Amino acid sequence: MQPAAHVEVEVAPKRLSRRQAKRQGRDSFETTALAAAHGDQTALEALPALVADAERHYKAKEWEQRRWDTLAIAIRDVVDDDVLTEAEERELFRLADALDLDLQTLAVRDMAVFEELVIAGLNDGRLPTVDAPVMLKSGETARATFGVALMKEVTVREMRGGSHGVSIRVAKGVSYRVGAARAKSVVVGTQMQVQDVGVLTVTNQRAIFTGDKRTLEFRYDKLVGMEQFSDGLRLNVSNRQLASLFRFSASSSPAIAAAFISRQE
């Protein structure tokens with residue numbers, strides 16, 4: 001009896017679902033983008049094809065966000081050591097170009113990542129020079145400008161305890177009021193109000209606020225306190241009794257301002 005002939009049957013590869021294809025394309029896209037961010041030339045050259053393939057799985061707005069998220073992941077991976085070298089910065093710009101993104105608009109898209117990127121560059125010792133809206137002293141260099149509002153704390157009061165009393169008629173056309181009491185003004189709290197609006201210029205020697213109503217100078221050799229908030233910065237100098245609180249505009253960063261001031265060149 002002859003043994004049965006062995007027949008090989010080709011099995012068609014299982015077709016990936018849309019979700020699986022999207023995940024596979026996304027993983028390959030992100031992995032290659034990270035490699036490109038670290039200077040892998042092969043990855044950078046392969047990225048355009050992967051970008052085109054990944055784009056097919058997303059809607060327009062979703063795809064734009066996906067690219068920005070990928071760039072943010074790459075940036076944080078590169079500056080994980082809190083330092084951004086010139087070479088690393090060049091690679092990030094090349095990655096942004098490959099993703100068809102403008103790295104200059106990162107502050108608008110993701111301020112937190114932008115802050116990390118700028119501060120990492122400062123940690124590498126690379127300090128920018130900008131035009132200043134103030135007269136600079138000899139040897140002074142403007143590093144950055146920020147749109148801010150000078151705030152002041154004001155006391156909130158309200159009237160309490162007043163009474164109209166009771167009117168008693170004692171004769172025709174004559175009445176007498178008893179029990180009336182004046183209301184008293186009492187403090188019920190405080191609130192912050194805008195005192196002035198202007199620009200905070202940070203130089204290598206001082207910070208200068210130039211507003212519509214006043215100008216304030218904060219020399220670093222007289223700086224005795226600095227407190228950073230999520231949207232503001234408080235500066236205290238020894239030659240001024242009260243600290244000055246600045247609220248930063250949405251496009252300005254108190255973290256970056258504090259980083260410049262902390263260097264105190």
# chains A, B, ... in the order shown; residues from 1 in each chain; ligands from 1

call {"tool": "select_by_dssp", "arguments": {"residues": "segment 55-136 of chain A", "states": "helix (DSSP H, G or I)", "output": "VMD selection string"}}
result
chain A and resid 55 60 to 81 86 to 98 103 to 109 111 to 123

call {"tool": "select_by_dssp", "arguments": {"residues": "segment 60-246 of chain A", "states": "strand (DSSP E or B)", "output": "tab-separated table (two decimals) with N, CA and C atoms, in the first residue's frame"}}
result
chain	number	residue	atom	x	y	z
A	142	ALA	N	20.73	91.50	26.06
A	142	ALA	CA	19.35	91.04	26.27
A	142	ALA	C	19.22	89.60	25.82
A	143	ARG	N	18.65	88.76	26.68
A	143	ARG	CA	18.51	87.34	26.39
A	143	ARG	C	17.11	86.94	25.94
A	144	ALA	N	16.09	87.60	26.48
A	144	ALA	CA	14.71	87.23	26.13
A	144	ALA	C	13.76	88.32	26.59
A	145	THR	N	12.60	88.37	25.95
A	145	THR	CA	11.54	89.29	26.36
A	145	THR	C	10.24	88.50	26.53
A	146	PHE	N	9.41	88.95	27.47
A	146	PHE	CA	8.17	88.25	27.79
A	146	PHE	C	7.03	89.25	27.97
A	147	GLY	N	5.88	88.91	27.43
A	147	GLY	CA	4.69	89.73	27.64
A	147	GLY	C	4.11	89.42	29.01
A	148	VAL	N	3.99	90.45	29.86
A	148	VAL	CA	3.53	90.21	31.23
A	148	VAL	C	2.57	91.31	31.69
A	149	ALA	N	1.90	91.02	32.78
A	149	ALA	CA	1.07	92.02	33.47
A	149	ALA	C	1.58	92.13	34.89
A	150	LEU	N	1.81	93.34	35.35
A	150	LEU	CA	2.22	93.58	36.73
A	150	LEU	C	0.97	93.53	37.60
A	151	MET	N	0.97	92.64	38.58
A	151	MET	CA	-0.21	92.43	39.41
A	151	MET	C	-0.04	93.11	40.77
A	152	LYS	N	-1.16	93.41	41.39
A	152	LYS	CA	-1.14	93.92	42.76
A	152	LYS	C	-2.27	93.28	43.55
A	153	GLU	N	-2.02	93.09	44.83
A	153	GLU	CA	-3.02	92.50	45.71
A	153	GLU	C	-3.84	93.61	46.35
A	154	VAL	N	-5.13	93.55	46.20
A	154	VAL	CA	-6.00	94.58	46.77
A	154	VAL	C	-6.94	93.95	47.78
A	155	THR	N	-7.28	94.74	48.78
A	155	THR	CA	-8.18	94.28	49.83
A	155	THR	C	-9.63	94.39	49.38
A	156	VAL	N	-10.39	93.35	49.62
A	156	VAL	CA	-11.81	93.34	49.29
A	156	VAL	C	-12.60	93.61	50.57
A	157	ARG	N	-13.43	94.64	50.53
A	157	ARG	CA	-14.23	95.01	51.70
A	157	ARG	C	-15.72	94.97	51.37
A	158	GLU	N	-16.52	94.84	52.41
A	158	GLU	CA	-17.96	94.96	52.23
A	158	GLU	C	-18.56	95.57	53.50
A	159	MET	N	-19.73	96.18	53.34
A	159	MET	CA	-20.40	96.83	54.47
A	159	MET	C	-21.25	95.80	55.23
A	160	ARG	N	-21.08	95.79	56.53
A	160	ARG	CA	-21.84	94.85	57.36
A	160	ARG	C	-22.34	95.54	58.63
A	163	SER	N	-28.24	99.04	60.17
A	163	SER	CA	-29.66	98.85	60.46
A	163	SER	C	-30.38	100.18	60.29
A	166	VAL	N	-36.16	101.77	63.72
A	166	VAL	CA	-37.63	101.81	63.69
A	166	VAL	C	-38.09	103.26	63.82
A	167	SER	N	-39.04	103.65	62.97
A	167	SER	CA	-39.57	105.02	63.01
A	167	SER	C	-40.85	105.04	63.85
A	168	ILE	N	-40.87	105.91	64.90
A	168	ILE	CA	-42.03	106.02	65.79
A	168	ILE	C	-42.66	107.40	65.62
A	169	ARG	N	-43.96	107.41	65.35
A	169	ARG	CA	-44.67	108.68	65.19
A	169	ARG	C	-45.04	109.24	66.56
A	170	VAL	N	-44.60	110.45	66.84
A	170	VAL	CA	-44.89	111.06	68.14
A	170	VAL	C	-45.92	112.17	68.04
A	171	ALA	N	-46.16	112.68	66.86
A	171	ALA	CA	-47.18	113.72	66.64
A	171	ALA	C	-47.44	113.80	65.16
A	174	VAL	N	-44.68	114.43	62.78
A	174	VAL	CA	-43.41	114.31	63.51
A	174	VAL	C	-43.17	112.84	63.85
A	175	SER	N	-41.98	112.35	63.50
A	175	SER	CA	-41.63	110.97	63.83
A	175	SER	C	-40.22	110.93	64.38
A	176	TYR	N	-39.92	109.85	65.07
A	176	TYR	CA	-38.62	109.72	65.73
A	176	TYR	C	-38.08	108.32	65.41
A	177	ARG	N	-36.84	108.26	64.91
A	177	ARG	CA	-36.25	106.97	64.53
A	177	ARG	C	-35.30	106.51	65.64
A	178	VAL	N	-35.47	105.28	66.05
A	178	VAL	CA	-34.61	104.71	67.09
A	178	VAL	C	-33.99	103.41	66.58
A	181	ALA	N	-28.28	102.07	63.10
A	181	ALA	CA	-26.84	101.88	63.29
A	181	ALA	C	-26.13	101.94	61.95
A	184	LYS	N	-20.55	98.96	59.02
A	184	LYS	CA	-19.10	99.05	59.10
A	184	LYS	C	-18.46	98.35	57.91
A	185	SER	N	-17.37	98.92	57.44
A	185	SER	CA	-16.61	98.31	56.34
A	185	SER	C	-15.67	97.27	56.93
A	186	VAL	N	-15.82	96.03	56.50
A	186	VAL	CA	-14.97	94.95	57.02
A	186	VAL	C	-14.23	94.28	55.87
A	187	VAL	N	-13.04	93.78	56.17
A	187	VAL	CA	-12.23	93.08	55.17
A	187	VAL	C	-12.73	91.65	55.04
A	188	VAL	N	-13.03	91.24	53.82
A	188	VAL	CA	-13.53	89.87	53.59
A	188	VAL	C	-12.55	89.04	52.76
A	189	GLY	N	-11.44	89.64	52.35
A	189	GLY	CA	-10.46	88.88	51.58
A	189	GLY	C	-9.61	89.79	50.71
A	190	THR	N	-8.85	89.18	49.84
A	190	THR	CA	-8.02	89.93	48.90
A	190	THR	C	-8.16	89.32	47.51
A	191	GLN	N	-7.80	90.09	46.51
A	191	GLN	CA	-7.81	89.58	45.14
A	191	GLN	C	-6.71	90.27	44.35
A	192	MET	N	-6.29	89.61	43.27
A	192	MET	CA	-5.24	90.16	42.43
A	192	MET	C	-5.85	90.97	41.30
A	193	GLN	N	-5.28	92.13	41.07
A	193	GLN	CA	-5.73	93.00	39.97
A	193	GLN	C	-4.53	93.42	39.13
A	194	VAL	N	-4.79	93.67	37.86
A	194	VAL	CA	-3.73	94.13	36.96
A	194	VAL	C	-3.41	95.59	37.27
A	195	GLN	N	-2.15	95.85	37.55
A	195	GLN	CA	-1.71	97.20	37.84
A	195	GLN	C	-1.13	97.88	36.60
A	196	ASP	N	-0.47	97.09	35.77
A	196	ASP	CA	0.14	97.63	34.56
A	196	ASP	C	0.40	96.47	33.60
A	197	VAL	N	0.54	96.78	32.33
A	197	VAL	CA	0.81	95.78	31.30
A	197	VAL	C	2.04	96.21	30.51
A	198	GLY	N	2.93	95.26	30.23
A	198	GLY	CA	4.13	95.64	29.48
A	198	GLY	C	4.99	94.44	29.13
A	199	VAL	N	6.30	94.69	29.09
A	199	VAL	CA	7.28	93.68	28.67
A	199	VAL	C	8.33	93.50	29.76
A	200	LEU	N	8.64	92.25	30.06
A	200	LEU	CA	9.72	91.93	30.99
A	200	LEU	C	10.92	91.50	30.15
A	201	THR	N	11.97	92.30	30.19
A	201	THR	CA	13.19	91.99	29.45
A	201	THR	C	14.21	91.39	30.41
A	202	VAL	N	14.74	90.24	30.04
A	202	VAL	CA	15.74	89.57	30.87
A	202	VAL	C	17.09	89.68	30.18
A	203	THR	N	18.07	90.24	30.88
A	203	THR	CA	19.41	90.39	30.32
A	203	THR	C	20.39	89.56	31.14
A	206	ARG	N	20.26	91.94	34.63
A	206	ARG	CA	19.06	92.36	35.35
A	206	ARG	C	17.80	91.97	34.57
A	207	ALA	N	16.66	92.15	35.22
A	207	ALA	CA	15.36	92.02	34.57
A	207	ALA	C	14.71	93.39	34.66
A	208	ILE	N	14.10	93.84	33.56
A	208	ILE	CA	13.50	95.17	33.52
A	208	ILE	C	12.07	95.06	33.02
A	209	PHE	N	11.15	95.60	33.80
A	209	PHE	CA	9.76	95.67	33.37
A	209	PHE	C	9.49	97.07	32.83
A	210	THR	N	9.01	97.15	31.61
A	210	THR	CA	8.62	98.43	31.01
A	210	THR	C	7.13	98.35	30.69
A	211	GLY	N	6.34	99.11	31.43
A	211	GLY	CA	4.90	99.08	31.25
A	211	GLY	C	4.36	100.40	30.73
A	215	THR	N	8.15	101.74	35.20
A	215	THR	CA	9.29	100.91	34.85
A	215	THR	C	9.94	100.41	36.13
A	216	LEU	N	10.26	99.13	36.17
A	216	LEU	CA	10.88	98.53	37.35
A	216	LEU	C	12.15	97.79	36.94
A	217	GLU	N	13.17	97.89	37.77
A	217	GLU	CA	14.43	97.21	37.50
A	217	GLU	C	14.73	96.22	38.62
A	218	PHE	N	15.22	95.04	38.24
A	218	PHE	CA	15.57	94.01	39.21
A	218	PHE	C	17.00	93.54	38.91
A	219	ARG	N	17.95	94.19	39.56
A	219	ARG	CA	19.36	93.81	39.38
A	219	ARG	C	19.62	92.48	40.07
A	223	LEU	N	18.96	90.75	43.93
A	223	LEU	CA	17.84	89.80	43.96
A	223	LEU	C	17.93	88.93	45.21
A	224	VAL	N	16.89	88.96	46.02
A	224	VAL	CA	16.88	88.18	47.26
A	224	VAL	C	15.80	87.09	47.25
A	225	GLY	N	14.97	87.09	46.23
A	225	GLY	CA	13.93	86.06	46.17
A	225	GLY	C	13.30	85.97	44.79
A	226	MET	N	13.00	84.75	44.38
A	226	MET	CA	12.30	84.52	43.11
A	226	MET	C	11.40	83.31	43.29
A	227	GLU	N	10.13	83.47	42.98
A	227	GLU	CA	9.17	82.39	43.12
A	227	GLU	C	8.43	82.20	41.80
A	228	GLN	N	8.47	80.99	41.28
A	228	GLN	CA	7.85	80.70	39.99
A	228	GLN	C	6.50	80.02	40.19
A	232	GLY	N	3.12	82.66	36.32
A	232	GLY	CA	3.67	83.91	36.81
A	232	GLY	C	5.02	83.76	37.50
A	233	LEU	N	5.56	84.92	37.87
A	233	LEU	CA	6.87	84.97	38.52
A	233	LEU	C	6.87	86.13	39.51
A	234	ARG	N	7.35	85.86	40.73
A	234	ARG	CA	7.47	86.90	41.74
A	234	ARG	C	8.95	87.18	41.98
A	235	LEU	N	9.33	88.46	41.89
A	235	LEU	CA	10.72	88.87	42.10
A	235	LEU	C	10.80	89.81	43.28
A	236	ASN	N	11.82	89.61	44.09
A	236	ASN	CA	12.02	90.45	45.28
A	236	ASN	C	13.47	90.91	45.32
A	237	VAL	N	13.67	92.21	45.35
A	237	VAL	CA	15.02	92.77	45.42
A	237	VAL	C	15.18	93.54	46.72
A	244	SER	N	7.47	92.04	43.54
A	244	SER	CA	6.66	92.33	42.34
A	244	SER	C	6.22	91.01	41.72
A	245	LEU	N	4.93	90.92	41.44
A	245	LEU	CA	4.36	89.71	40.86
A	245	LEU	C	3.95	89.97	39.42
A	246	PHE	N	4.42	89.11	38.51
A	246	PHE	CA	4.11	89.25	37.09
A	246	PHE	C	3.31	88.04	36.62

call {"tool": "residues_around", "arguments": {"residues": "Asp80 of chain A", "least_positions_apart": "6", "cutoff": "12 Å", "atoms": "only C-alpha atoms", "output": "list of chain:residue names"}}
result
A:His38, A:Ala72, A:Ile73, A:Ala74, A:Glu88, A:Val113, A:Glu116, A:Leu117, A:Ile119, A:Ala120

call {"tool": "write_last_selection", "arguments": {"atoms": "N, CA and C atoms", "output": "PDB file, in the first residue's frame"}}
result
ATOM      1  N   HIS A  38      17.708  60.885  16.998  1.00  0.00           N
ATOM      2  CA  HIS A  38      19.036  60.653  17.580  1.00  0.00           C
ATOM      3  C   HIS A  38      20.132  60.586  16.512  1.00  0.00           C
ATOM      4  N   ALA A  72       6.950  65.472  20.022  1.00  0.00           N
ATOM      5  CA  ALA A  72       7.107  65.736  21.457  1.00  0.00           C
ATOM      6  C   ALA A  72       7.804  64.567  22.157  1.00  0.00           C
ATOM      7  N   ILE A  73       7.421  63.343  21.791  1.00  0.00           N
ATOM      8  CA  ILE A  73       8.055  62.153  22.366  1.00  0.00           C
ATOM      9  C   ILE A  73       9.540  62.134  22.023  1.00  0.00           C
ATOM     10  N   ALA A  74       9.847  62.467  20.772  1.00  0.00           N
ATOM     11  CA  ALA A  74      11.243  62.477  20.324  1.00  0.00           C
ATOM     12  C   ALA A  74      12.047  63.545  21.062  1.00  0.00           C
ATOM     13  N   GLU A  88      22.206  67.846  18.402  1.00  0.00           N
ATOM     14  CA  GLU A  88      20.885  67.282  18.700  1.00  0.00           C
ATOM     15  C   GLU A  88      19.780  68.210  18.210  1.00  0.00           C
ATOM     16  N   VAL A 113       6.559  71.232  26.452  1.00  0.00           N
ATOM     17  CA  VAL A 113       7.667  70.631  25.702  1.00  0.00           C
ATOM     18  C   VAL A 113       8.613  71.727  25.211  1.00  0.00           C
ATOM     19  N   GLU A 116      10.918  72.696  28.008  1.00  0.00           N
ATOM     20  CA  GLU A 116      11.964  71.696  28.214  1.00  0.00           C
ATOM     21  C   GLU A 116      13.057  71.828  27.159  1.00  0.00           C
ATOM     22  N   LEU A 117      12.651  72.089  25.927  1.00  0.00           N
ATOM     23  CA  LEU A 117      13.604  72.209  24.822  1.00  0.00           C
ATOM     24  C   LEU A 117      14.509  73.426  25.015  1.00  0.00           C
ATOM     25  N   ILE A 119      15.116  75.224  27.819  1.00  0.00           N
ATOM     26  CA  ILE A 119      15.940  75.134  29.029  1.00  0.00           C
ATOM     27  C   ILE A 119      17.088  74.145  28.833  1.00  0.00           C
ATOM     28  N   ALA A 120      16.845  73.064  28.096  1.00  0.00           N
ATOM     29  CA  ALA A 120      17.915  72.104  27.800  1.00  0.00           C
ATOM     30  C   ALA A 120      19.000  72.767  26.959  1.00  0.00           C
TER      31      ALA A 120
END

call {"tool": "closest_residue", "arguments": {"among": "A:Phe29, A:Tyr58, A:Trp63, A:Phe229", "to": "Ala257 of chain A", "atoms": "only C-alpha atoms"}}
result
A:Phe229

call {"tool": "atom_distance", "arguments": {"atom1": "atom CA of Ala255 of chain A", "atom2": "atom CA of Leu122 of chain A"}}
result
12.1 Å

call {"tool": "atom_distance", "arguments": {"atom1": "atom CA of Pro128 of chain A", "atom2": "atom CA of Ile256 of chain A"}}
result
12.2 Å

call {"tool": "closest_residue", "arguments": {"among": "A:Ala36, A:His57, A:Arg67, A:Ser138", "to": "Arg90 of chain A", "atoms": "only C-alpha atoms"}}
result
A:Ala36

call {"tool": "closest_residue", "arguments": {"among": "A:Asp124, A:Asp212, A:Glu89, A:Asp102", "to": "Arg263 of chain A", "atoms": "only C-alpha atoms"}}
result
A:Asp124

call {"tool": "closest_residue", "arguments": {"among": "A:Glu91, A:Asp221, A:Asp82, A:Asp100", "to": "Glu115 of chain A", "atoms": "only C-alpha atoms"}}
result
A:Asp82
